[in-house]
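Next comes final.csv, with CSV, C-alpha atoms (C1' of nucleotides).
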```
chain,number,residue,atom,x,y,z
C,1,MET,CA,-2.0,26.4,-4.9
C,2,PRO,CA,1.5,25.3,-3.8
C,3,ASP,CA,-0.2,22.2,-2.2
C,4,ALA,CA,0.7,20.9,1.2
C,5,THR,CA,1.7,17.5,-0.2
C,6,LEU,CA,5.4,18.3,-0.4
C,7,GLY,CA,7.5,15.7,1.3
C,8,PRO,CA,11.2,15.9,2.4
C,9,SER,CA,12.3,14.7,-1.0
C,10,ALA,CA,10.7,17.8,-2.6
C,11,PHE,CA,12.7,20.1,-0.4
C,12,ILE,CA,15.9,18.3,-1.0
C,13,VAL,CA,15.4,18.9,-4.7
C,14,LEU,CA,14.4,22.5,-4.1
C,15,GLY,CA,17.2,23.1,-1.7
C,16,PHE,CA,19.8,21.7,-4.0
C,17,LEU,CA,18.7,23.6,-7.1
C,18,ASN,CA,18.3,26.8,-5.1
C,19,HIS,CA,21.9,26.4,-4.0
C,20,ALA,CA,23.5,25.1,-7.2
C,21,GLY,CA,21.5,26.7,-9.9
C,22,PRO,CA,20.2,24.9,-13.0
C,23,ALA,CA,21.1,21.2,-12.9
C,24,THR,CA,20.0,17.8,-14.0
C,25,ALA,CA,18.6,15.0,-11.9
C,26,TYR,CA,21.9,13.2,-12.1
C,27,ASP,CA,23.7,16.3,-10.7
C,28,LEU,CA,21.3,16.1,-7.8
C,29,LYS,CA,22.1,12.4,-7.3
C,30,ARG,CA,25.9,13.1,-7.1
C,31,TRP,CA,25.5,16.0,-4.8
C,32,VAL,CA,23.1,14.1,-2.5
C,33,ASP,CA,25.3,11.0,-2.4
C,34,ASP,CA,28.1,12.6,-0.5
C,35,SER,CA,26.3,15.3,1.5
C,36,VAL,CA,22.8,15.2,2.7
C,37,GLY,CA,22.6,11.5,1.7
C,38,PHE,CA,24.6,10.6,4.8
C,39,PHE,CA,21.6,11.3,7.0
C,40,TRP,CA,18.7,11.3,4.6
C,41,SER,CA,18.6,9.0,1.6
C,42,PHE,CA,17.1,10.0,-1.7
C,43,PRO,CA,15.6,7.0,-3.5
C,44,ARG,CA,16.8,6.4,-7.0
C,45,SER,CA,13.3,6.1,-8.4
C,46,GLN,CA,12.4,9.6,-7.1
C,47,LEU,CA,15.4,11.1,-8.9
C,48,TYR,CA,13.5,11.7,-12.0
C,49,ALA,CA,9.9,11.6,-10.7
C,50,GLU,CA,10.2,14.3,-8.0
C,51,PRO,CA,11.5,17.1,-10.3
C,52,GLN,CA,8.8,16.3,-12.8
C,53,ARG,CA,6.2,16.6,-10.0
C,54,LEU,CA,7.6,19.9,-8.9
C,55,VAL,CA,7.5,21.2,-12.5
C,56,THR,CA,3.7,20.4,-12.6
C,57,LEU,CA,3.3,22.3,-9.3
C,58,GLY,CA,5.1,25.3,-10.8
C,59,LEU,CA,8.0,25.1,-8.3
C,60,LEU,CA,10.6,24.2,-10.9
C,61,ALA,CA,11.2,25.2,-14.5
C,62,GLU,CA,12.5,22.7,-17.0
C,63,THR,CA,14.4,23.0,-20.3
C,64,GLN,CA,15.5,20.1,-22.4
C,65,GLU,CA,18.6,19.9,-24.6
C,66,GLU,CA,17.9,19.6,-28.3
C,67,SER,CA,21.0,17.7,-29.2
C,68,GLY,CA,22.8,14.6,-27.8
C,69,ARG,CA,21.3,13.3,-24.6
C,70,ARG,CA,18.4,15.6,-24.5
C,71,ARG,CA,19.0,16.0,-20.8
C,72,ARG,CA,16.5,18.0,-18.7
C,73,LEU,CA,17.8,21.0,-16.8
C,74,TYR,CA,15.8,22.2,-13.8
C,75,SER,CA,15.8,25.5,-12.0
C,76,VAL,CA,13.8,26.9,-9.1
C,77,THR,CA,11.0,29.3,-9.8
C,78,ASP,CA,10.0,32.1,-7.5
C,79,ALA,CA,7.2,30.0,-6.2
C,80,GLY,CA,9.7,27.3,-5.5
C,81,ARG,CA,11.9,29.6,-3.5
C,82,ALA,CA,8.8,30.7,-1.5
C,83,ALA,CA,7.9,27.1,-0.8
C,84,LEU,CA,11.4,26.4,0.4
C,85,ALA,CA,11.4,29.4,2.7
C,86,ASP,CA,8.0,28.4,4.2
C,87,TRP,CA,9.2,24.9,4.8
C,88,ARG,CA,12.3,26.2,6.6
C,89,ARG,CA,10.2,28.1,9.0
C,90,SER,CA,7.7,25.2,9.6
C,91,PRO,CA,8.1,23.1,12.8
C,92,ALA,CA,10.3,20.1,12.5
C,93,GLY,CA,9.1,16.7,13.9
C,94,MET,CA,11.2,14.3,15.8
C,95,PRO,CA,13.3,11.6,14.2
C,96,GLU,CA,12.8,7.9,14.6
C,97,LEU,CA,15.8,5.8,15.5
C,98,ARG,CA,14.8,3.0,13.1
C,99,ASP,CA,17.9,1.0,13.8
C,100,PRO,CA,17.8,-2.5,12.3
C,101,GLY,CA,20.3,-3.7,14.8
C,102,LEU,CA,18.2,-2.5,17.7
C,103,LEU,CA,15.2,-4.2,16.2
C,104,ARG,CA,17.0,-7.5,16.1
C,105,MET,CA,18.1,-7.1,19.6
C,106,PHE,CA,14.6,-6.3,20.7
C,107,PHE,CA,13.4,-9.7,19.4
C,108,THR,CA,16.4,-11.7,20.6
C,109,PRO,CA,15.8,-13.6,23.9
C,110,GLU,CA,17.9,-12.2,26.7
C,111,GLU,CA,19.5,-15.6,27.4
C,112,ASP,CA,20.8,-16.1,23.9
C,113,HIS,CA,24.2,-14.5,24.7
C,114,ALA,CA,25.9,-15.9,21.6
C,115,ALA,CA,23.4,-14.1,19.3
C,116,LEU,CA,23.7,-10.9,21.3
C,117,ARG,CA,27.4,-11.0,21.3
C,118,ALA,CA,27.5,-11.5,17.5
C,119,LEU,CA,25.1,-8.7,16.9
C,120,ALA,CA,26.9,-6.3,19.2
C,121,ALA,CA,30.2,-7.1,17.7
C,122,GLY,CA,29.0,-6.5,14.2
C,123,GLN,CA,27.3,-3.3,15.1
C,124,LEU,CA,30.4,-2.0,16.8
C,125,ARG,CA,32.5,-2.6,13.8
C,126,GLN,CA,30.1,-0.9,11.4
C,127,HIS,CA,29.7,2.1,13.6
C,128,GLN,CA,33.5,2.4,14.1
C,129,GLU,CA,33.9,2.5,10.3
C,130,ARG,CA,31.2,5.1,9.9
C,131,LEU,CA,32.7,7.3,12.6
C,132,ALA,CA,36.1,7.1,11.0
C,133,THR,CA,34.5,8.2,7.7
C,134,TYR,CA,32.9,11.2,9.4
C,135,ARG,CA,36.2,12.2,11.1
C,136,ASP,CA,38.1,12.0,7.8
C,137,MET,CA,35.5,14.3,6.3
C,138,LEU,CA,35.7,16.7,9.2
C,139,GLY,CA,39.5,16.8,9.4
C,140,GLY,CA,40.6,16.1,5.9
C,141,GLU,CA,41.0,18.4,3.0
C,142,PRO,CA,38.5,21.3,2.7
C,143,CYS,CA,35.2,19.6,1.8
C,144,PRO,CA,34.0,19.7,-1.8
C,145,TRP,CA,31.3,22.2,-0.7
C,146,PRO,CA,33.3,25.0,1.0
C,147,GLU,CA,30.3,27.2,0.5
C,148,ARG,CA,28.1,24.7,2.5
C,149,PRO,CA,29.1,25.0,6.1
C,150,PRO,CA,25.9,23.5,7.4
C,151,PHE,CA,27.2,20.2,6.2
C,152,THR,CA,30.0,20.4,8.7
C,153,ARG,CA,27.3,20.8,11.3
C,154,THR,CA,25.4,17.8,10.3
C,155,LEU,CA,28.6,15.9,10.3
C,156,ARG,CA,29.0,16.8,13.9
C,157,MET,CA,25.6,15.3,14.7
C,158,GLY,CA,26.7,12.2,12.8
C,159,GLU,CA,29.8,12.0,15.0
C,160,LEU,CA,27.8,12.4,18.2
C,161,TYR,CA,25.4,9.8,17.1
C,162,GLU,CA,28.0,7.2,16.2
C,163,GLN,CA,29.7,7.8,19.5
C,164,ALA,CA,26.4,7.1,21.3
C,165,CYS,CA,26.0,3.9,19.3
C,166,LEU,CA,29.5,2.8,20.2
C,167,THR,CA,28.8,3.4,23.9
C,168,PHE,CA,25.6,1.5,23.7
C,169,TRP,CA,26.9,-1.6,21.9
C,170,GLN,CA,29.9,-1.7,24.1
C,171,GLU,CA,27.7,-1.7,27.2
C,172,VAL,CA,25.7,-4.6,25.7
C,173,LEU,CA,28.9,-6.5,25.2
C,174,ASP,CA,30.2,-5.7,28.6
C,175,GLY,CA,27.0,-6.8,30.2
C,176,LEU,CA,27.5,-10.2,28.6
C,177,ARG,CA,31.1,-10.8,29.5
C,178,PRO,CA,30.6,-12.7,32.8
C,179,GLU,CA,28.6,-15.3,30.9
H,1,MET,CA,9.2,-20.9,-0.4
H,2,PRO,CA,9.3,-18.5,2.6
H,3,ASP,CA,10.2,-15.7,0.2
H,4,ALA,CA,13.0,-13.2,0.8
H,5,THR,CA,10.5,-10.3,0.7
H,6,LEU,CA,10.0,-10.0,4.4
H,7,GLY,CA,10.5,-6.6,5.7
H,8,PRO,CA,11.0,-5.3,9.2
H,9,SER,CA,7.2,-5.1,9.7
H,10,ALA,CA,6.9,-8.8,9.1
H,11,PHE,CA,9.4,-9.5,11.9
H,12,ILE,CA,7.6,-7.2,14.3
H,13,VAL,CA,4.5,-9.2,13.8
H,14,LEU,CA,6.3,-12.5,14.0
H,15,GLY,CA,8.3,-11.4,17.0
H,16,PHE,CA,5.3,-10.2,18.9
H,17,LEU,CA,3.1,-13.2,18.2
H,18,ASN,CA,6.0,-15.5,19.0
H,19,HIS,CA,6.3,-13.8,22.4
H,20,ALA,CA,2.7,-13.2,23.2
H,21,GLY,CA,1.0,-16.2,21.7
H,22,PRO,CA,-2.3,-16.0,19.7
H,23,ALA,CA,-3.5,-12.4,19.4
H,24,THR,CA,-5.3,-10.0,17.2
H,25,ALA,CA,-4.0,-7.2,15.1
H,26,TYR,CA,-5.2,-4.7,17.6
H,27,ASP,CA,-3.3,-6.5,20.4
H,28,LEU,CA,-0.3,-6.0,18.2
H,29,LYS,CA,-1.0,-2.3,17.9
H,30,ARG,CA,-1.3,-1.8,21.6
H,31,TRP,CA,1.9,-3.7,22.3
H,32,VAL,CA,3.9,-1.9,19.6
H,33,ASP,CA,2.6,1.5,20.6
H,34,ASP,CA,4.4,1.5,23.9
H,35,SER,CA,7.4,-0.7,23.3
H,36,VAL,CA,9.1,-1.2,20.0
H,37,GLY,CA,7.1,1.7,18.5
H,38,PHE,CA,9.4,4.1,20.3
H,39,PHE,CA,12.1,3.4,17.8
H,40,TRP,CA,10.4,1.7,14.9
H,41,SER,CA,6.9,2.7,14.0
H,42,PHE,CA,4.4,0.3,12.6
H,43,PRO,CA,2.0,2.0,10.2
H,44,ARG,CA,-1.8,1.6,10.9
H,45,SER,CA,-2.5,0.4,7.4
H,46,GLN,CA,-0.1,-2.5,7.8
H,47,LEU,CA,-1.8,-3.6,11.0
H,48,TYR,CA,-4.3,-5.8,9.2
H,49,ALA,CA,-2.5,-6.2,5.9
H,50,GLU,CA,0.8,-7.6,7.2
H,51,PRO,CA,-0.7,-10.5,9.2
H,52,GLN,CA,-2.8,-11.4,6.2
H,53,ARG,CA,0.3,-11.5,4.0
H,54,LEU,CA,2.1,-13.7,6.5
H,55,VAL,CA,-0.8,-16.1,6.5
H,56,THR,CA,-0.6,-16.5,2.8
H,57,LEU,CA,3.1,-17.2,3.2
H,58,GLY,CA,2.4,-19.9,5.7
H,59,LEU,CA,4.2,-18.1,8.5
H,60,LEU,CA,1.0,-17.4,10.5
H,61,ALA,CA,-2.1,-19.4,11.2
H,62,GLU,CA,-5.5,-17.6,11.5
H,63,THR,CA,-8.7,-18.4,13.2
H,64,GLN,CA,-11.8,-16.2,13.1
H,65,GLU,CA,-14.4,-15.9,15.9
H,66,GLU,CA,-17.8,-17.1,14.9
H,67,SER,CA,-19.8,-14.8,17.2
H,68,GLY,CA,-19.7,-11.1,18.0
H,69,ARG,CA,-16.9,-9.2,16.4
H,70,ARG,CA,-15.6,-12.1,14.4
H,71,ARG,CA,-12.1,-11.0,15.3
H,72,ARG,CA,-9.1,-12.7,13.7
H,73,LEU,CA,-6.6,-14.4,16.0
H,74,TYR,CA,-3.2,-15.1,14.6
H,75,SER,CA,-0.5,-17.4,15.8
H,76,VAL,CA,3.0,-18.3,14.6
H,77,THR,CA,3.6,-21.5,12.7
H,78,ASP,CA,6.8,-23.5,12.8
H,79,ALA,CA,7.8,-22.0,9.5
H,80,GLY,CA,7.2,-18.6,11.1
H,81,ARG,CA,9.4,-19.4,14.0
H,82,ALA,CA,12.1,-20.6,11.6
H,83,ALA,CA,11.9,-17.4,9.5
H,84,LEU,CA,12.2,-15.3,12.7
H,85,ALA,CA,15.3,-17.3,13.9
H,86,ASP,CA,16.9,-16.9,10.4
H,87,TRP,CA,16.3,-13.2,10.5
H,88,ARG,CA,17.8,-12.8,13.9
H,89,ARG,CA,21.0,-14.3,12.6
H,90,SER,CA,21.1,-12.3,9.5
H,91,PRO,CA,23.4,-9.3,9.3
H,92,ALA,CA,21.9,-6.0,10.4
H,93,GLY,CA,22.4,-2.9,8.2
H,94,MET,CA,23.1,0.6,9.5
H,95,PRO,CA,20.4,3.1,10.6
H,96,GLU,CA,19.8,6.4,8.9
H,97,LEU,CA,19.5,9.5,11.0
H,98,ARG,CA,16.6,10.8,9.0
H,99,ASP,CA,16.1,13.8,11.3
H,100,PRO,CA,13.7,16.4,10.0
H,101,GLY,CA,15.4,19.1,12.1
H,102,LEU,CA,18.8,18.3,10.7
H,103,LEU,CA,17.4,18.4,7.2
H,104,ARG,CA,16.0,21.9,7.8
H,105,MET,CA,19.3,23.0,9.2
H,106,PHE,CA,21.1,21.7,6.2
H,107,PHE,CA,19.1,23.9,3.9
H,108,THR,CA,19.1,27.0,6.1
H,109,PRO,CA,21.7,29.6,5.1
H,110,GLU,CA,24.5,29.9,7.7
H,111,GLU,CA,23.9,33.6,8.1
H,112,ASP,CA,20.2,33.3,9.0
H,113,HIS,CA,20.9,33.2,12.7
H,114,ALA,CA,17.3,33.9,13.7
H,115,ALA,CA,16.0,30.8,11.8
H,116,LEU,CA,18.8,28.6,13.2
H,117,ARG,CA,18.1,29.8,16.7
H,118,ALA,CA,14.4,29.1,16.4
H,119,LEU,CA,15.1,25.7,15.0
H,120,ALA,CA,17.7,24.7,17.7
H,121,ALA,CA,15.4,26.0,20.5
H,122,GLY,CA,12.5,23.9,19.3
H,123,GLN,CA,14.6,20.8,18.8
H,124,LEU,CA,16.1,21.2,22.3
H,125,ARG,CA,12.7,21.4,23.8
H,126,GLN,CA,11.4,18.3,22.1
H,127,HIS,CA,14.4,16.2,22.8
H,128,GLN,CA,14.3,17.2,26.4
H,129,GLU,CA,10.7,16.0,26.6
H,130,ARG,CA,11.5,12.7,25.0
H,131,LEU,CA,14.5,12.2,27.3
H,132,ALA,CA,12.3,12.8,30.3
H,133,THR,CA,9.8,10.2,29.0
H,134,TYR,CA,12.5,7.6,28.6
H,135,ARG,CA,13.9,8.2,32.0
H,136,ASP,CA,10.4,7.9,33.6
H,137,MET,CA,10.1,4.5,31.9
H,138,LEU,CA,13.5,3.4,33.0
H,139,GLY,CA,13.1,4.5,36.6
H,140,GLY,CA,9.4,4.3,37.3
H,141,GLU,CA,7.3,1.3,38.1
H,142,PRO,CA,8.4,-2.1,36.7
H,143,CYS,CA,7.6,-1.9,33.1
H,144,PRO,CA,4.5,-3.6,31.7
H,145,TRP,CA,6.6,-6.3,30.2
H,146,PRO,CA,8.8,-7.6,33.0
H,147,GLU,CA,9.5,-10.6,30.8
H,148,ARG,CA,10.9,-8.3,28.1
H,149,PRO,CA,14.2,-7.0,29.4
H,150,PRO,CA,15.5,-6.1,25.9
H,151,PHE,CA,13.1,-3.2,26.0
H,152,THR,CA,15.1,-1.7,28.9
H,153,ARG,CA,18.1,-2.1,26.6
H,154,THR,CA,16.6,-0.3,23.7
H,155,LEU,CA,15.4,2.4,26.1
H,156,ARG,CA,19.1,2.9,27.1
H,157,MET,CA,19.9,3.5,23.4
H,158,GLY,CA,17.1,6.0,23.3
H,159,GLU,CA,18.6,7.8,26.3
H,160,LEU,CA,22.0,8.0,24.7
H,161,TYR,CA,20.6,9.2,21.5
H,162,GLU,CA,18.6,12.0,23.1
H,163,GLN,CA,21.6,13.1,25.0
H,164,ALA,CA,23.6,13.3,21.8
H,165,CYS,CA,20.8,15.4,20.3
H,166,LEU,CA,20.8,17.8,23.2
H,167,THR,CA,24.5,18.2,23.0
H,168,PHE,CA,24.3,18.9,19.3
H,169,TRP,CA,21.6,21.5,19.4
H,170,GLN,CA,23.1,23.2,22.4
H,171,GLU,CA,26.3,23.5,20.5
H,172,VAL,CA,24.5,25.0,17.6
H,173,LEU,CA,22.8,27.5,19.9
H,174,ASP,CA,26.1,28.4,21.6
H,175,GLY,CA,27.8,28.9,18.3
H,176,LEU,CA,25.2,31.5,17.5
H,177,ARG,CA,25.3,33.5,20.8
H,178,PRO,CA,28.0,36.1,19.9
H,179,GLU,CA,25.8,37.2,17.0
G,1,DT,C1',37.3,0.0,-31.6
G,2,DG,C1',35.7,-2.1,-28.0
G,3,DG,C1',35.1,-2.7,-23.0
G,4,DG,C1',34.1,-0.6,-18.9
G,5,DA,C1',32.4,3.0,-16.2
G,6,DC,C1',29.3,6.8,-16.1
G,7,DA,C1',24.8,8.7,-17.0
G,8,DT,C1',19.9,8.5,-17.7
G,9,DG,C1',15.6,6.6,-17.5
G,10,DT,C1',11.2,3.2,-16.7
G,11,DA,C1',8.3,-0.1,-14.3
G,12,DA,C1',6.2,-3.4,-10.9
G,13,DG,C1',5.3,-4.2,-6.5
G,14,DA,C1',5.9,-3.3,-1.4
G,15,DA,C1',5.4,-0.2,2.3
G,16,DG,C1',3.8,3.9,4.4
G,17,DT,C1',0.3,8.0,5.1
G,18,DT,C1',-4.1,9.8,5.8
G,19,DA,C1',-8.7,9.8,6.0
G,20,DC,C1',-12.8,7.5,6.5
G,21,DA,C1',-16.3,4.4,8.5
G,22,DT,C1',-18.6,1.6,11.9
G,23,DG,C1',-19.6,-1.8,15.7
G,24,DA,C1',-18.7,-2.4,21.0
G,25,DT,C1',-17.9,-0.8,25.7
G,26,DT,C1',-17.8,2.2,29.3
G,27,DA,C1',-19.1,6.0,32.1
G,28,DT,C1',-22.3,9.2,33.7
X,1,DA,C1',-29.8,5.8,27.5
X,2,DT,C1',-26.6,8.2,25.2
X,3,DA,C1',-22.2,10.3,24.4
X,4,DA,C1',-17.5,9.3,24.4
X,5,DT,C1',-14.0,6.3,23.6
X,6,DC,C1',-12.1,1.9,22.3
X,7,DA,C1',-11.7,-1.5,18.9
X,8,DT,C1',-11.7,-2.9,14.2
X,9,DG,C1',-11.3,-2.5,9.6
X,10,DT,C1',-11.1,-0.4,4.4
X,11,DA,C1',-9.6,2.7,0.6
X,12,DA,C1',-7.0,6.1,-2.0
X,13,DC,C1',-2.9,7.8,-2.7
X,14,DT,C1',2.2,8.6,-2.1
X,15,DT,C1',6.8,7.0,-1.6
X,16,DC,C1',10.2,3.6,-1.6
X,17,DT,C1',12.7,-0.6,-3.2
X,18,DT,C1',14.5,-3.3,-6.6
X,19,DA,C1',15.5,-4.6,-10.9
X,20,DC,C1',15.9,-3.7,-15.5
X,21,DA,C1',17.3,-1.3,-19.8
X,22,DT,C1',19.9,1.6,-22.7
X,23,DG,C1',22.8,5.4,-24.2
X,24,DT,C1',27.2,7.9,-24.0
X,25,DC,C1',31.9,8.8,-22.8
X,26,DC,C1',36.7,7.6,-21.9
X,27,DC,C1',40.8,5.5,-22.7
X,28,DA,C1',44.0,1.8,-23.8
```

Translate the structure described by the file into structure tokens.
Amino acid sequence: MPDATLGPSAFIVLGFLNHAGPATAYDLKRWVDDSVGFFWSFPRSQLYAEPQRLVTLGLLAETQEESGRRRRLYSVTDAGRAALADWRRSPAGMPELRDPGLLRMFFTPEEDHAALRALAAGQLRQHQERLATYRDMLGGEPCPWPERPPFTRTLRMGELYEQACLTFWQEVLDGLRPE
Amino acid sequence: MPDATLGPSAFIVLGFLNHAGPATAYDLKRWVDDSVGFFWSFPRSQLYAEPQRLVTLGLLAETQEESGRRRRLYSVTDAGRAALADWRRSPAGMPELRDPGLLRMFFTPEEDHAALRALAAGQLRQHQERLATYRDMLGGEPCPWPERPPFTRTLRMGELYEQACLTFWQEVLDGLRPE
DNA sequence: TGGGACATGTAAGAAGTTACATGATTAT
DNA sequence: ATAATCATGTAACTTCTTACATGTCCCA
């Protein structure tokens, strides 16, 4: 039974290995860190735990080196590929904003203009940086995963999101000016 | 020691009680469900656990009814208000997109136009609904928390975000058309 | 040949998810 | 008066955060 208890982390592992072939947990980390990690983080402590779990579920196969570091190499089984395909066809839920800056603003009294100004200024700066990063990646040298065009697409969503954030915090700041 | 281990959930509890005065965990739930919950969910299982934790930290005071339901009423202590104020001044990190639809797209082969079309269409529909909800709340009757203008602000961010999502998924769909 | 960076892994505790369970209120 | 719903709470399990710990490689 392929079990319904597979979370997003499971599919990041499956998706990566399906794309990259046999690899170690650390390979996964490096790959995640500068691709999917920009919009969906993969916790360190799951790096080794999640592949193990998938092995027990029969979705991954594992071989361990005899010499040296005795690293564990994982690869996707047929069952794993099937689970991945099923997941891709399953309905996707809605994201949650979960913006720490927004949360602080929510609990800041409307009349505390100094606090709001500081918050908005800080958020503007960070979002500008992030947007610049995305644009470098979009415009710069051919990305490290030329065979992975969907990443360019997700970058586009990142760009749109950062623009929305800049618009928002700028509006907040502008609404404060007269004060 | 007020402990550095306070997460966002803690500040939602503190912020609510600081605003609303003594209240029960269930009051918290109702309030969260149609305000801050739109961009930062508060898990059911934390509803009763988190206030308890804050009591042991001295940030909340608790009184329990003698009769009937023996409900627990919480209120913020001076230490609690201080912790809240500190948090509001602390630097806010960046949000993570964490969009399940984006994640599926990332792991869908570029050439599988049928899958991409289905995904984009579904996401468009959901984001349209959400946007309509926000606009009702913005334009409709004066919101249930007239004393809480920041909520109108966070709604504005929600509106901008949903618009960005609609733009994005529409672009995805348009890029597929010729196929 | 030794110091830093890279690579690999574990563990404890916090937070989140899901399902269950039951006492009050309300409506019909 | 009784079914539905609201209100209140617990328990089991999964995931995440954070910190620690160590081994291996590179290169000056």

*With a cut-off of 12 Å and counting all atoms listed in the file, select all residues of chain H in contact with chain G and give the selection as number ranges by chain.*
H: 5-10, 41-47, 49-50, 53, 68-71

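Distance-wise, CA of Glu62 in chain C and CA of Pro109 in chain H end up 24.9 Å apart.
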
*Could you give me, as number ranges by chain, the residues within 8 Å of Asn18 in chain C, counting all atoms listed in the file and dropping anything in the same chain fewer than 6 positions from it?*
C: 75-76, 81

_I want to know what sits within 12 Å of Gly37 in chain H, based on all atoms listed in the file, with residues of the same chain fewer than 2 positions away left out; could you give that as a ChimeraX atom specification?_
/C:96-99,102-103,106 /H:9,12,28-35,39-44,151,154-155,158

*Find the distance between CA of Pro95 in chain C and CA of Ala83 in chain H and write it in Å to one decimal.*
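So the two atoms, CA of Pro95 in chain C and CA of Ala83 in chain H, lie 29.4 Å apart.
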
*When the cut-off is 9 Å and we count only C-alpha atoms (C1' of nucleotides), which residues of chain X are near chain H, given as number ranges by chain?*
X: 7-9

*Between C:Arg135, C:Arg156, C:Arg72, C:Arg117, which has the minimum distance to chain H (counting all atoms listed in the file)?*
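That would be C:Arg156, the residue with the smallest distance to chain H.
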
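The interatomic distance for the pair CA of Met137 in chain H and CA of Trp169 in chain C works out to 20.5 Å.
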
*Which of these residues is nearest to chain H, using all atoms listed in the file: C:Leu54, C:Val13, C:Leu59, C:Ala23?*
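Between C:Leu54, C:Val13, C:Leu59, C:Ala23, the residue approaching chain H most closely is C:Val13.
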